[in-house]
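Asker: I am attaching a structure below and will ask some questions about it afterwards.
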Amino acid sequence: MTSTVTDPVRVRFAPSPTGYLHIGSARTVLFNWLLARKHGGTFILRIEDTDQARHVEDSVQKILDDLRWLGLTWDEGPQVGGDYGPYFQSKRLEIYNRYLQKLLESGHAYYALEMPQQLTALRDAAKAAKQSYKYVRPDPPPTIAEGEAARAAGRPVVVRFKMPAVDITVVDDILGPVTLPADQSEDFVIQKGDGYPTYHFACVVDDELMKITHVLRGQEHLINTTKHVALQRALGFATPHYAHLSVIFNMDGTKMSKRDKEKAAKEGRRPPEIDVHDFRVAGYLPETLVNYIALLGWSPGDDREFFNLDELTGVFGLDRVGKTNARFDREKLLSFNTTWATRLSPDRLLEAFKDFIRVSESPMRGTDDDLLREILRTCAGFRTFRQVEEKVRFLFLADNAIEYDPKAVQKVLAKNNGEGYTALSETLPRLRDLSAWTADAVEKLIHDVCEKKAVQMGAIAQPLRVAITGTTISPSIHDTLALLGRKRTLARVEKCLKGSQSLPHV
RNA sequence: GCCCCCAUCGUCUAGAGGCCUAGGACACCGGCUUUUCACGCCGGCGACAGGGGUUCGAAUCCCCUUGGGGGUACCA
């Protein structure tokens, strides 16, 4: 089915505040946002905080911050308001109760008195016997009066919706028609024992009241759609367009879960990035993330693959969203980031770099813009900001705090009877005498030394690099020296040379 | 157990019956460049899950099998 969009498009992203923004959710937001922008519609953010037990305190703040970082701003929702608020479900309890009463009175819903443990036991038994389980509606169900009395007596009473015994077909904008047999759905809970609505109920009421036209969500909700449509019919609500997105997995086919991080930490590995915030702290650009996740399940139909948000808005469409589950390829992401870093203007790159420095609490904090620009320039071709940081880490260490990598020292300085040290000591006076300490002058000097000694660049550059950084990795040798400055360079080389005298193999 | 969804290179995908001896990107493998790490350039390897149909003709349509995924909560 192709749906012609006539009403103004209103879409929403409805996270529950239980942590950071997951990379999979980020794709869902992106597609919603793009759909809204594409049609000049409205993108709404709604916080589904109906689960008191799992609520995480600063979660909302974190999610909002990472959404903004991605550039996915919302037209209605927390912090910006709107005509259809409040946008926190916990603030809409009266609204849900009103519709709940209607359902109760019209006989579409009823109070249910079973204890949770009782139900769990039945489910477990069915599972153990490899049988399917379904809640059986009491016959007759408790009356409203009985339900209210039980609740007044302090019993954990819930309200269940009478699921009609008809097959329900929804025409998904991505998947096409999907029919769910009636006998698969039970009378599900719409109000919990604590008085909060369940997701299904709150979601349906809010989507109606907030005039949502398109529901774009994860595939885990596909089957819920039956419940939602049934609820809409009972309530006399319109049914919005539905579109369900495929799932994103790790390369090994497992789910991308925060558990991966815990597991890695326990095993002493660096935790993989799972939430948007993880990628941000790891030194990825928002442009990269947006571009990469856009291509997970959507394609422009041709060979182009680099798009910013504006460009995506221009070409995005639900008709080009695929049905297949995707795997998250970190190698490709890295490659995208490398490309994006070269595509951005120096100003934009600097801005992004500073965000990285801030959120990652980098030792580069407090560095002035000119130096940061210079660092970015000398590290051109980098894959992530984190890599830049590692490459220029030597700049932010005290001269006497350089840690020498034993392997680098052996390979570059000590090997062959300390020929690296020899090269160093021969170069040192030339550096002392260098009139102007610029990258160009340094480069010229090193070339000159190489020529005089009839050796390759590496024979001079590498010993210098190890002497002043402690490692074999840094920007070009002339940039490395220029960045460090004459005084600190000389100090480090001298200290390195002095240290060599106590080494047995020299 | 039951229900639903999905199926092209290792990965993301293009492909909407003949344009396909299946295209691109990442990865991988060679080579070039090179002061380290990256970057860059050139070349190569590499897929229509299997089986039945439909059709003059199928990666494209239908069925079955297999495989993968989702759901089956007083979570969302």
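Residue numbering restarts at 1 in every chain; chains get A, B, ... in the order shown in the structure tokens, and ligands count up from 1 in that same order.
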Could you list the residues in chain A lying within 7 Å of chain B, using only C-alpha atoms (C1' of nucleotides), and format the result as a PyMOL selection string?

Answerer: chain A and resi 16+130-132+158+184+189+192-193+199+219-220+223+296+301-303+323-324+327+329+331-332+381-382+457-458+461-462+472-474+476-477

Asker: So that I can check the surroundings of A:Pro141, please list as a PDB file with all heavy atoms, in the first residue's frame every protein, DNA and RNA residue that reaches within 12 Å of it, counting only C-alpha atoms (C1' of nucleotides) and ignoring chain neighbours fewer than 2 positions away.

Answerer:
ATOM      1  N   LEU A 104     -14.085   1.122  31.007  1.00  0.00           N
ATOM      2  CA  LEU A 104     -14.688   0.317  32.068  1.00  0.00           C
ATOM      3  C   LEU A 104     -16.217   0.363  31.944  1.00  0.00           C
ATOM      4  O   LEU A 104     -16.905  -0.661  31.978  1.00  0.00           O
ATOM      5  CB  LEU A 104     -14.265   0.901  33.416  1.00  0.00           C
ATOM      6  CG  LEU A 104     -13.444   0.122  34.461  1.00  0.00           C
ATOM      7  CD1 LEU A 104     -12.784  -1.131  33.938  1.00  0.00           C
ATOM      8  CD2 LEU A 104     -12.442   1.044  35.122  1.00  0.00           C
ATOM      9  N   GLY A 107     -17.811  -1.381  29.075  1.00  0.00           N
ATOM     10  CA  GLY A 107     -17.637  -2.832  29.091  1.00  0.00           C
ATOM     11  C   GLY A 107     -16.483  -3.318  28.245  1.00  0.00           C
ATOM     12  O   GLY A 107     -16.324  -4.515  28.012  1.00  0.00           O
ATOM     13  N   HIS A 108     -15.598  -2.412  27.792  1.00  0.00           N
ATOM     14  CA  HIS A 108     -14.431  -2.817  27.000  1.00  0.00           C
ATOM     15  C   HIS A 108     -13.279  -3.247  27.891  1.00  0.00           C
ATOM     16  O   HIS A 108     -12.274  -3.759  27.410  1.00  0.00           O
ATOM     17  CB  HIS A 108     -13.967  -1.664  26.111  1.00  0.00           C
ATOM     18  CG  HIS A 108     -14.844  -1.448  24.925  1.00  0.00           C
ATOM     19  ND1 HIS A 108     -14.943  -2.341  23.893  1.00  0.00           N
ATOM     20  CD2 HIS A 108     -15.686  -0.430  24.605  1.00  0.00           C
ATOM     21  CE1 HIS A 108     -15.788  -1.885  22.978  1.00  0.00           C
ATOM     22  NE2 HIS A 108     -16.261  -0.729  23.387  1.00  0.00           N
ATOM     23  N   ALA A 109     -13.427  -2.927  29.182  1.00  0.00           N
ATOM     24  CA  ALA A 109     -12.346  -3.270  30.105  1.00  0.00           C
ATOM     25  C   ALA A 109     -12.943  -3.693  31.434  1.00  0.00           C
ATOM     26  O   ALA A 109     -14.114  -3.422  31.709  1.00  0.00           O
ATOM     27  CB  ALA A 109     -11.417  -2.074  30.294  1.00  0.00           C
ATOM     28  N   TYR A 110     -12.152  -4.372  32.211  1.00  0.00           N
ATOM     29  CA  TYR A 110     -12.655  -4.842  33.518  1.00  0.00           C
ATOM     30  C   TYR A 110     -11.530  -4.945  34.525  1.00  0.00           C
ATOM     31  O   TYR A 110     -10.362  -5.065  34.154  1.00  0.00           O
ATOM     32  CB  TYR A 110     -13.347  -6.199  33.351  1.00  0.00           C
ATOM     33  CG  TYR A 110     -12.444  -7.282  32.795  1.00  0.00           C
ATOM     34  CD1 TYR A 110     -11.718  -8.117  33.657  1.00  0.00           C
ATOM     35  CD2 TYR A 110     -12.307  -7.470  31.416  1.00  0.00           C
ATOM     36  CE1 TYR A 110     -10.888  -9.104  33.149  1.00  0.00           C
ATOM     37  CE2 TYR A 110     -11.483  -8.450  30.903  1.00  0.00           C
ATOM     38  CZ  TYR A 110     -10.770  -9.271  31.764  1.00  0.00           C
ATOM     39  OH  TYR A 110      -9.934 -10.238  31.271  1.00  0.00           O
ATOM     40  N   TYR A 111     -11.881  -4.874  35.772  1.00  0.00           N
ATOM     41  CA  TYR A 111     -10.901  -5.043  36.845  1.00  0.00           C
ATOM     42  C   TYR A 111     -10.509  -6.510  36.917  1.00  0.00           C
ATOM     43  O   TYR A 111     -11.346  -7.397  36.733  1.00  0.00           O
ATOM     44  CB  TYR A 111     -11.494  -4.622  38.186  1.00  0.00           C
ATOM     45  CG  TYR A 111     -11.594  -3.123  38.345  1.00  0.00           C
ATOM     46  CD1 TYR A 111     -12.831  -2.473  38.266  1.00  0.00           C
ATOM     47  CD2 TYR A 111     -10.460  -2.354  38.589  1.00  0.00           C
ATOM     48  CE1 TYR A 111     -12.923  -1.095  38.413  1.00  0.00           C
ATOM     49  CE2 TYR A 111     -10.542  -0.973  38.738  1.00  0.00           C
ATOM     50  CZ  TYR A 111     -11.782  -0.352  38.652  1.00  0.00           C
ATOM     51  OH  TYR A 111     -11.860   1.010  38.790  1.00  0.00           O
ATOM     52  N   ALA A 112      -9.248  -6.764  37.177  1.00  0.00           N
ATOM     53  CA  ALA A 112      -8.792  -8.144  37.337  1.00  0.00           C
ATOM     54  C   ALA A 112      -8.085  -8.252  38.676  1.00  0.00           C
ATOM     55  O   ALA A 112      -7.274  -7.394  39.033  1.00  0.00           O
ATOM     56  CB  ALA A 112      -7.862  -8.536  36.198  1.00  0.00           C
ATOM     57  N   LEU A 113      -8.405  -9.307  39.400  1.00  0.00           N
ATOM     58  CA  LEU A 113      -7.982  -9.419  40.789  1.00  0.00           C
ATOM     59  C   LEU A 113      -6.865 -10.416  41.084  1.00  0.00           C
ATOM     60  O   LEU A 113      -6.438 -10.575  42.221  1.00  0.00           O
ATOM     61  CB  LEU A 113      -9.192  -9.800  41.665  1.00  0.00           C
ATOM     62  CG  LEU A 113     -10.218  -8.748  42.092  1.00  0.00           C
ATOM     63  CD1 LEU A 113     -10.000  -7.392  41.479  1.00  0.00           C
ATOM     64  CD2 LEU A 113     -11.637  -9.222  41.796  1.00  0.00           C
ATOM     65  N   GLU A 114      -6.359 -11.095  40.033  1.00  0.00           N
ATOM     66  CA  GLU A 114      -5.337 -12.114  40.311  1.00  0.00           C
ATOM     67  C   GLU A 114      -4.070 -11.483  40.875  1.00  0.00           C
ATOM     68  O   GLU A 114      -3.729 -10.348  40.553  1.00  0.00           O
ATOM     69  CB  GLU A 114      -4.961 -12.873  39.014  1.00  0.00           C
ATOM     70  CG  GLU A 114      -6.073 -13.690  38.426  1.00  0.00           C
ATOM     71  CD  GLU A 114      -6.980 -12.855  37.531  1.00  0.00           C
ATOM     72  OE1 GLU A 114      -6.743 -11.628  37.387  1.00  0.00           O
ATOM     73  OE2 GLU A 114      -7.951 -13.420  36.989  1.00  0.00           O
ATOM     74  N   VAL A 136      -6.854 -16.258  30.899  1.00  0.00           N
ATOM     75  CA  VAL A 136      -8.270 -16.600  30.705  1.00  0.00           C
ATOM     76  C   VAL A 136      -9.154 -15.579  31.404  1.00  0.00           C
ATOM     77  O   VAL A 136      -9.017 -15.339  32.607  1.00  0.00           O
ATOM     78  CB  VAL A 136      -8.570 -18.008  31.259  1.00  0.00           C
ATOM     79  CG1 VAL A 136     -10.044 -18.352  31.034  1.00  0.00           C
ATOM     80  CG2 VAL A 136      -7.673 -19.044  30.599  1.00  0.00           C
ATOM     81  N   ARG A 137     -10.026 -15.000  30.626  1.00  0.00           N
ATOM     82  CA  ARG A 137     -10.925 -13.983  31.176  1.00  0.00           C
ATOM     83  C   ARG A 137     -11.898 -14.637  32.163  1.00  0.00           C
ATOM     84  O   ARG A 137     -12.526 -15.644  31.826  1.00  0.00           O
ATOM     85  CB  ARG A 137     -11.710 -13.321  30.052  1.00  0.00           C
ATOM     86  CG  ARG A 137     -12.640 -12.200  30.513  1.00  0.00           C
ATOM     87  CD  ARG A 137     -13.481 -11.675  29.371  1.00  0.00           C
ATOM     88  NE  ARG A 137     -12.653 -11.279  28.209  1.00  0.00           N
ATOM     89  CZ  ARG A 137     -13.161 -11.045  27.002  1.00  0.00           C
ATOM     90  NH1 ARG A 137     -14.464 -11.150  26.780  1.00  0.00           N
ATOM     91  NH2 ARG A 137     -12.363 -10.710  26.011  1.00  0.00           N
ATOM     92  N   PRO A 138     -12.014 -14.085  33.360  1.00  0.00           N
ATOM     93  CA  PRO A 138     -12.967 -14.646  34.320  1.00  0.00           C
ATOM     94  C   PRO A 138     -14.385 -14.520  33.750  1.00  0.00           C
ATOM     95  O   PRO A 138     -14.675 -13.563  33.026  1.00  0.00           O
ATOM     96  CB  PRO A 138     -12.819 -13.740  35.547  1.00  0.00           C
ATOM     97  CG  PRO A 138     -11.555 -12.986  35.340  1.00  0.00           C
ATOM     98  CD  PRO A 138     -11.337 -12.894  33.872  1.00  0.00           C
ATOM     99  N   ASP A 139     -15.215 -15.483  34.058  1.00  0.00           N
ATOM    100  CA  ASP A 139     -16.578 -15.444  33.532  1.00  0.00           C
ATOM    101  C   ASP A 139     -17.560 -15.624  34.666  1.00  0.00           C
ATOM    102  O   ASP A 139     -17.687 -16.721  35.200  1.00  0.00           O
ATOM    103  CB  ASP A 139     -16.757 -16.561  32.502  1.00  0.00           C
ATOM    104  CG  ASP A 139     -18.115 -16.462  31.824  1.00  0.00           C
ATOM    105  OD1 ASP A 139     -18.680 -15.336  31.790  1.00  0.00           O
ATOM    106  OD2 ASP A 139     -18.615 -17.493  31.364  1.00  0.00           O
ATOM    107  N   THR A 143     -17.229  -7.055  38.665  1.00  0.00           N
ATOM    108  CA  THR A 143     -17.947  -5.823  38.322  1.00  0.00           C
ATOM    109  C   THR A 143     -17.075  -4.637  38.727  1.00  0.00           C
ATOM    110  O   THR A 143     -16.103  -4.793  39.466  1.00  0.00           O
ATOM    111  CB  THR A 143     -19.272  -5.718  39.097  1.00  0.00           C
ATOM    112  OG1 THR A 143     -18.961  -5.673  40.501  1.00  0.00           O
ATOM    113  CG2 THR A 143     -20.157  -6.921  38.807  1.00  0.00           C
ATOM    114  N   ILE A 144     -17.472  -3.473  38.229  1.00  0.00           N
ATOM    115  CA  ILE A 144     -16.734  -2.263  38.584  1.00  0.00           C
ATOM    116  C   ILE A 144     -16.736  -2.074  40.098  1.00  0.00           C
ATOM    117  O   ILE A 144     -15.719  -1.761  40.706  1.00  0.00           O
ATOM    118  CB  ILE A 144     -17.351  -1.025  37.890  1.00  0.00           C
ATOM    119  CG1 ILE A 144     -17.200  -1.173  36.369  1.00  0.00           C
ATOM    120  CG2 ILE A 144     -16.684   0.252  38.376  1.00  0.00           C
ATOM    121  CD1 ILE A 144     -17.765  -0.020  35.557  1.00  0.00           C
ATOM    122  N   ALA A 145     -17.891  -2.311  40.679  1.00  0.00           N
ATOM    123  CA  ALA A 145     -18.007  -2.152  42.132  1.00  0.00           C
ATOM    124  C   ALA A 145     -17.070  -3.096  42.870  1.00  0.00           C
ATOM    125  O   ALA A 145     -16.380  -2.703  43.816  1.00  0.00           O
ATOM    126  CB  ALA A 145     -19.451  -2.413  42.568  1.00  0.00           C
ATOM    127  N   GLU A 146     -16.999  -4.314  42.412  1.00  0.00           N
ATOM    128  CA  GLU A 146     -16.110  -5.294  43.048  1.00  0.00           C
ATOM    129  C   GLU A 146     -14.646  -4.880  42.913  1.00  0.00           C
ATOM    130  O   GLU A 146     -13.860  -5.004  43.851  1.00  0.00           O
ATOM    131  CB  GLU A 146     -16.299  -6.687  42.425  1.00  0.00           C
ATOM    132  CG  GLU A 146     -17.580  -7.372  42.851  1.00  0.00           C
ATOM    133  CD  GLU A 146     -17.920  -8.599  41.978  1.00  0.00           C
ATOM    134  OE1 GLU A 146     -17.325  -8.743  40.886  1.00  0.00           O
ATOM    135  OE2 GLU A 146     -18.778  -9.378  42.377  1.00  0.00           O
ATOM    136  N   GLY A 147     -14.329  -4.396  41.741  1.00  0.00           N
ATOM    137  CA  GLY A 147     -12.958  -3.951  41.499  1.00  0.00           C
ATOM    138  C   GLY A 147     -12.586  -2.787  42.396  1.00  0.00           C
ATOM    139  O   GLY A 147     -11.517  -2.780  43.002  1.00  0.00           O
ATOM    140  N   VAL A 159      -6.402  -3.231  35.598  1.00  0.00           N
ATOM    141  CA  VAL A 159      -7.513  -3.181  34.658  1.00  0.00           C
ATOM    142  C   VAL A 159      -7.048  -3.840  33.368  1.00  0.00           C
ATOM    143  O   VAL A 159      -5.954  -3.562  32.886  1.00  0.00           O
ATOM    144  CB  VAL A 159      -7.955  -1.731  34.373  1.00  0.00           C
ATOM    145  CG1 VAL A 159      -9.042  -1.702  33.301  1.00  0.00           C
ATOM    146  CG2 VAL A 159      -8.452  -1.075  35.653  1.00  0.00           C
ATOM    147  N   ARG A 160      -7.865  -4.745  32.875  1.00  0.00           N
ATOM    148  CA  ARG A 160      -7.545  -5.422  31.620  1.00  0.00           C
ATOM    149  C   ARG A 160      -8.505  -5.015  30.510  1.00  0.00           C
ATOM    150  O   ARG A 160      -9.674  -4.718  30.760  1.00  0.00           O
ATOM    151  CB  ARG A 160      -7.600  -6.947  31.810  1.00  0.00           C
ATOM    152  CG  ARG A 160      -6.389  -7.503  32.527  1.00  0.00           C
ATOM    153  CD  ARG A 160      -6.457  -9.010  32.679  1.00  0.00           C
ATOM    154  NE  ARG A 160      -5.343  -9.485  33.504  1.00  0.00           N
ATOM    155  CZ  ARG A 160      -4.172  -9.897  33.021  1.00  0.00           C
ATOM    156  NH1 ARG A 160      -3.958  -9.921  31.705  1.00  0.00           N
ATOM    157  NH2 ARG A 160      -3.223 -10.297  33.837  1.00  0.00           N
ATOM    158  N   PHE A 161      -7.980  -5.036  29.315  1.00  0.00           N
ATOM    159  CA  PHE A 161      -8.790  -4.692  28.148  1.00  0.00           C
ATOM    160  C   PHE A 161      -9.338  -5.970  27.521  1.00  0.00           C
ATOM    161  O   PHE A 161      -8.609  -6.958  27.389  1.00  0.00           O
ATOM    162  CB  PHE A 161      -7.914  -3.949  27.135  1.00  0.00           C
ATOM    163  CG  PHE A 161      -8.621  -3.616  25.850  1.00  0.00           C
ATOM    164  CD1 PHE A 161      -9.608  -2.640  25.820  1.00  0.00           C
ATOM    165  CD2 PHE A 161      -8.297  -4.282  24.669  1.00  0.00           C
ATOM    166  CE1 PHE A 161     -10.263  -2.336  24.635  1.00  0.00           C
ATOM    167  CE2 PHE A 161      -8.959  -3.988  23.477  1.00  0.00           C
ATOM    168  CZ  PHE A 161      -9.942  -3.008  23.463  1.00  0.00           C
ATOM    169  N   LYS A 162     -10.611  -5.948  27.179  1.00  0.00           N
ATOM    170  CA  LYS A 162     -11.211  -7.125  26.549  1.00  0.00           C
ATOM    171  C   LYS A 162     -10.801  -7.195  25.086  1.00  0.00           C
ATOM    172  O   LYS A 162     -11.329  -6.470  24.241  1.00  0.00           O
ATOM    173  CB  LYS A 162     -12.741  -7.040  26.618  1.00  0.00           C
ATOM    174  CG  LYS A 162     -13.325  -7.504  27.944  1.00  0.00           C
ATOM    175  CD  LYS A 162     -14.844  -7.523  27.855  1.00  0.00           C
ATOM    176  CE  LYS A 162     -15.461  -7.695  29.230  1.00  0.00           C
ATOM    177  NZ  LYS A 162     -16.903  -7.337  29.238  1.00  0.00           N
ATOM    178  N   ASP A 187      -6.407 -10.745  27.018  1.00  0.00           N
ATOM    179  CA  ASP A 187      -6.870  -9.498  27.634  1.00  0.00           C
ATOM    180  C   ASP A 187      -5.699  -8.878  28.382  1.00  0.00           C
ATOM    181  O   ASP A 187      -5.383  -9.281  29.496  1.00  0.00           O
ATOM    182  CB  ASP A 187      -8.014  -9.788  28.618  1.00  0.00           C
ATOM    183  CG  ASP A 187      -9.298 -10.213  27.903  1.00  0.00           C
ATOM    184  OD1 ASP A 187      -9.338 -10.136  26.662  1.00  0.00           O
ATOM    185  OD2 ASP A 187     -10.239 -10.616  28.604  1.00  0.00           O
TER     186      ASP A 187
END

Asker: Please measure the separation of atom CA of A:Ile375 and atom CA of A:Asp65, giving the value in Å to one decimal.

Answerer: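 Between these atoms lies a distance of 26.8 Å.
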
Asker: Enumerate, as a ChimeraX atom specification, the complete set of residues in stretch 245-328 of chain A that a backbone-based DSSP assignment places in helix (DSSP H, G or I).

Answerer: /A:258-266,276-281,286-294,309-315,318-320

Asker: Keeping only C-alpha atoms, write the selected residues as a PDB file, in the first residue's frame.

Answerer:
ATOM      1  CA  LYS A 258      24.764  -2.467  27.528  1.00  0.00           C
ATOM      2  CA  ARG A 259      25.643  -5.867  28.902  1.00  0.00           C
ATOM      3  CA  ASP A 260      28.373  -6.004  26.251  1.00  0.00           C
ATOM      4  CA  LYS A 261      30.017  -3.123  28.043  1.00  0.00           C
ATOM      5  CA  GLU A 262      29.843  -4.767  31.437  1.00  0.00           C
ATOM      6  CA  LYS A 263      31.189  -8.004  30.041  1.00  0.00           C
ATOM      7  CA  ALA A 264      34.123  -6.306  28.310  1.00  0.00           C
ATOM      8  CA  ALA A 265      34.964  -4.352  31.430  1.00  0.00           C
ATOM      9  CA  LYS A 266      35.007  -7.531  33.442  1.00  0.00           C
ATOM     10  CA  VAL A 276      25.185   7.372  21.272  1.00  0.00           C
ATOM     11  CA  HIS A 277      27.035   8.887  24.173  1.00  0.00           C
ATOM     12  CA  ASP A 278      29.668   6.158  24.004  1.00  0.00           C
ATOM     13  CA  PHE A 279      30.432   7.082  20.422  1.00  0.00           C
ATOM     14  CA  ARG A 280      30.557  10.729  21.349  1.00  0.00           C
ATOM     15  CA  VAL A 281      33.082  10.091  24.077  1.00  0.00           C
ATOM     16  CA  PRO A 286      27.730  13.345  14.979  1.00  0.00           C
ATOM     17  CA  GLU A 287      27.766  13.656  11.186  1.00  0.00           C
ATOM     18  CA  THR A 288      29.297  10.209  10.993  1.00  0.00           C
ATOM     19  CA  LEU A 289      26.797   8.580  13.273  1.00  0.00           C
ATOM     20  CA  VAL A 290      23.819  10.137  11.558  1.00  0.00           C
ATOM     21  CA  ASN A 291      25.108   9.191   8.139  1.00  0.00           C
ATOM     22  CA  TYR A 292      26.024   5.663   9.110  1.00  0.00           C
ATOM     23  CA  ILE A 293      22.811   4.750  10.897  1.00  0.00           C
ATOM     24  CA  ALA A 294      20.784   6.263   8.084  1.00  0.00           C
ATOM     25  CA  LEU A 309      21.026  15.850   7.716  1.00  0.00           C
ATOM     26  CA  ASP A 310      19.914  18.329   5.077  1.00  0.00           C
ATOM     27  CA  GLU A 311      20.867  16.035   2.255  1.00  0.00           C
ATOM     28  CA  LEU A 312      19.166  13.114   3.936  1.00  0.00           C
ATOM     29  CA  THR A 313      16.023  15.136   4.341  1.00  0.00           C
ATOM     30  CA  GLY A 314      16.014  15.722   0.647  1.00  0.00           C
ATOM     31  CA  VAL A 315      16.178  12.089  -0.380  1.00  0.00           C
ATOM     32  CA  LEU A 318       9.816   5.263   3.840  1.00  0.00           C
ATOM     33  CA  ASP A 319       9.566   3.548   0.479  1.00  0.00           C
ATOM     34  CA  ARG A 320      13.324   3.049   0.513  1.00  0.00           C
TER      35      ARG A 320
END

Asker: For each of A:Ser425, A:Gln61, A:Ser246, A:Gln232, take the minimum atom-to-atom distance to A:Lys498, counting only C-alpha atoms, then give the residue where this is smallest.

Answerer: A:Ser425

Asker: Show me, as a ChimeraX atom specification, the residues that have an atom within 12 Å of A:Gly82 when counting only C-alpha atoms (C1' of nucleotides), minus same-chain residues fewer than 5 positions from it.

Answerer: /A:42-46,74-77,87,210

Asker: Report the residues of stretch 94-200 of chain A whose backbone DSSP state falls under strand (DSSP E or B), written as a list in words.

Answerer: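 Matching residues for strand (DSSP E or B) in stretch 94-200 of chain A are Ala109, Tyr110, Tyr111, Ala112, Val158, Val159, Arg160, Phe161, Ile168, Thr169, Val170, Val171, Asp172, Gly176, Pro177, Val178, Thr179, Leu180, Val189, Ile190, Gln191 and Pro197 of chain A.
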
Asker: Do you know which residues are at most 8 Å from A:Val392 counting only C-alpha atoms (C1' of nucleotides), after dropping those on the same chain fewer than 3 positions away, and could you put them as a tab-separated table (two decimals) with C-alpha atoms, in the first residue's frame?

Answerer:
chain	number	residue	atom	x	y	z
A	375	ILE	CA	46.68	19.83	16.32
A	388	VAL	CA	44.14	12.51	17.81
A	389	GLU	CA	44.35	12.71	21.56
A	395	LEU	CA	52.19	17.68	24.48
A	396	PHE	CA	50.15	17.51	27.62
A	474	SER	CA	53.09	11.16	16.72
A	475	PRO	CA	52.43	13.70	13.97

Asker: With a distance cut-off of 9 Å and only C-alpha atoms (C1' of nucleotides), select the neighbouring residues of stretch 42-48 of chain B, excluding the residue or stretch itself and same-chain residues fewer than 5 positions from it, and output the selection as number ranges by chain.

Answerer: B: 8-10, 22, 28-32, 59

Asker: Would you kindly return, as a PyMOL selection string, each protein, DNA or RNA residue with an atom no farther than 8 Å from any atom of A:Phe385, considering only C-alpha atoms (C1' of nucleotides) and excluding same-chain residues fewer than 2 positions away?

Answerer: chain A and resi 282-284+353+356+382-383+387-389

Asker: Could you write out that same residue set with C-alpha atoms as a compact mmCIF listing (two decimals), in the first residue's frame?

Answerer:
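Final output, saved to part_34.txt:
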# COMPACT_ATOMS: atom_id res chain seq x y z
CA ALA A 282 35.05 7.77 21.80
CA GLY A 283 35.66 10.65 19.42
CA TYR A 284 33.17 10.10 16.62
CA PHE A 353 36.69 18.50 18.69
CA PHE A 356 34.82 15.67 22.45
CA PHE A 382 42.86 10.64 11.73
CA ARG A 383 40.09 8.17 12.36
CA GLN A 387 43.16 8.87 18.11
CA VAL A 388 44.14 12.51 17.81
CA GLU A 389 44.35 12.71 21.56

Asker: What is the atom CA of A:Gly85-atom CA of A:Leu30 distance in Å, reported with one decimal?

Answerer: 22.1 Å

Asker: What lies within 12 Å of stretch 488-491 of chain A using only C-alpha atoms (C1' of nucleotides), ignoring chain neighbours under 5 positions off, as number ranges by chain?

Answerer: A: 394-402, 424-425, 427-434, 437, 442, 464-469, 477-483, 496-498

Asker: Please, could you write that set of residues out with C-alpha atoms as a compact mmCIF listing (two decimals), in the first residue's frame?

Answerer:
# COMPACT_ATOMS: atom_id res chain seq x y z
CA PHE A 394 52.99 13.97 24.66
CA LEU A 395 52.19 17.68 24.48
CA PHE A 396 50.15 17.51 27.62
CA LEU A 397 52.65 15.64 29.73
CA ALA A 398 55.35 17.29 31.80
CA ASP A 399 58.84 16.87 30.35
CA ASN A 400 59.82 14.61 33.21
CA ALA A 401 56.64 12.56 32.99
CA ILE A 402 57.23 10.95 29.62
CA LEU A 424 70.21 11.71 18.62
CA SER A 425 73.33 13.09 20.16
CA THR A 427 71.38 15.91 15.94
CA LEU A 428 71.03 17.62 19.30
CA PRO A 429 73.61 20.42 18.77
CA ARG A 430 72.12 21.20 15.37
CA LEU A 431 68.73 21.64 17.02
CA ARG A 432 70.24 23.86 19.68
CA ASP A 433 71.69 26.09 17.01
CA LEU A 434 68.59 26.25 14.86
CA TRP A 437 62.06 27.02 15.51
CA VAL A 442 63.08 21.71 11.56
CA LEU A 464 63.76 11.99 17.91
CA ARG A 465 60.16 10.87 18.07
CA VAL A 466 60.80 8.27 20.72
CA ALA A 467 62.99 10.64 22.69
CA ILE A 468 60.38 13.34 22.99
CA THR A 469 57.14 11.35 23.01
CA ILE A 477 58.42 14.79 13.03
CA HIS A 478 58.73 18.47 12.12
CA ASP A 479 55.20 19.17 13.38
CA THR A 480 55.91 17.20 16.51
CA LEU A 481 58.95 19.30 17.29
CA ALA A 482 57.31 22.56 16.30
CA LEU A 483 54.31 21.82 18.49
CA CYS A 496 66.63 10.79 27.08
CA LEU A 497 70.31 10.83 26.26
CA LYS A 498 71.26 11.03 29.91

Asker: I'd like the interatomic distance between atom CA of A:Gly322 and atom CA of A:Trp298, to a tenth of an Å.

Answerer: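 Spanning atom CA of A:Gly322 to atom CA of A:Trp298 is a straight-line distance of 5.9 Å.
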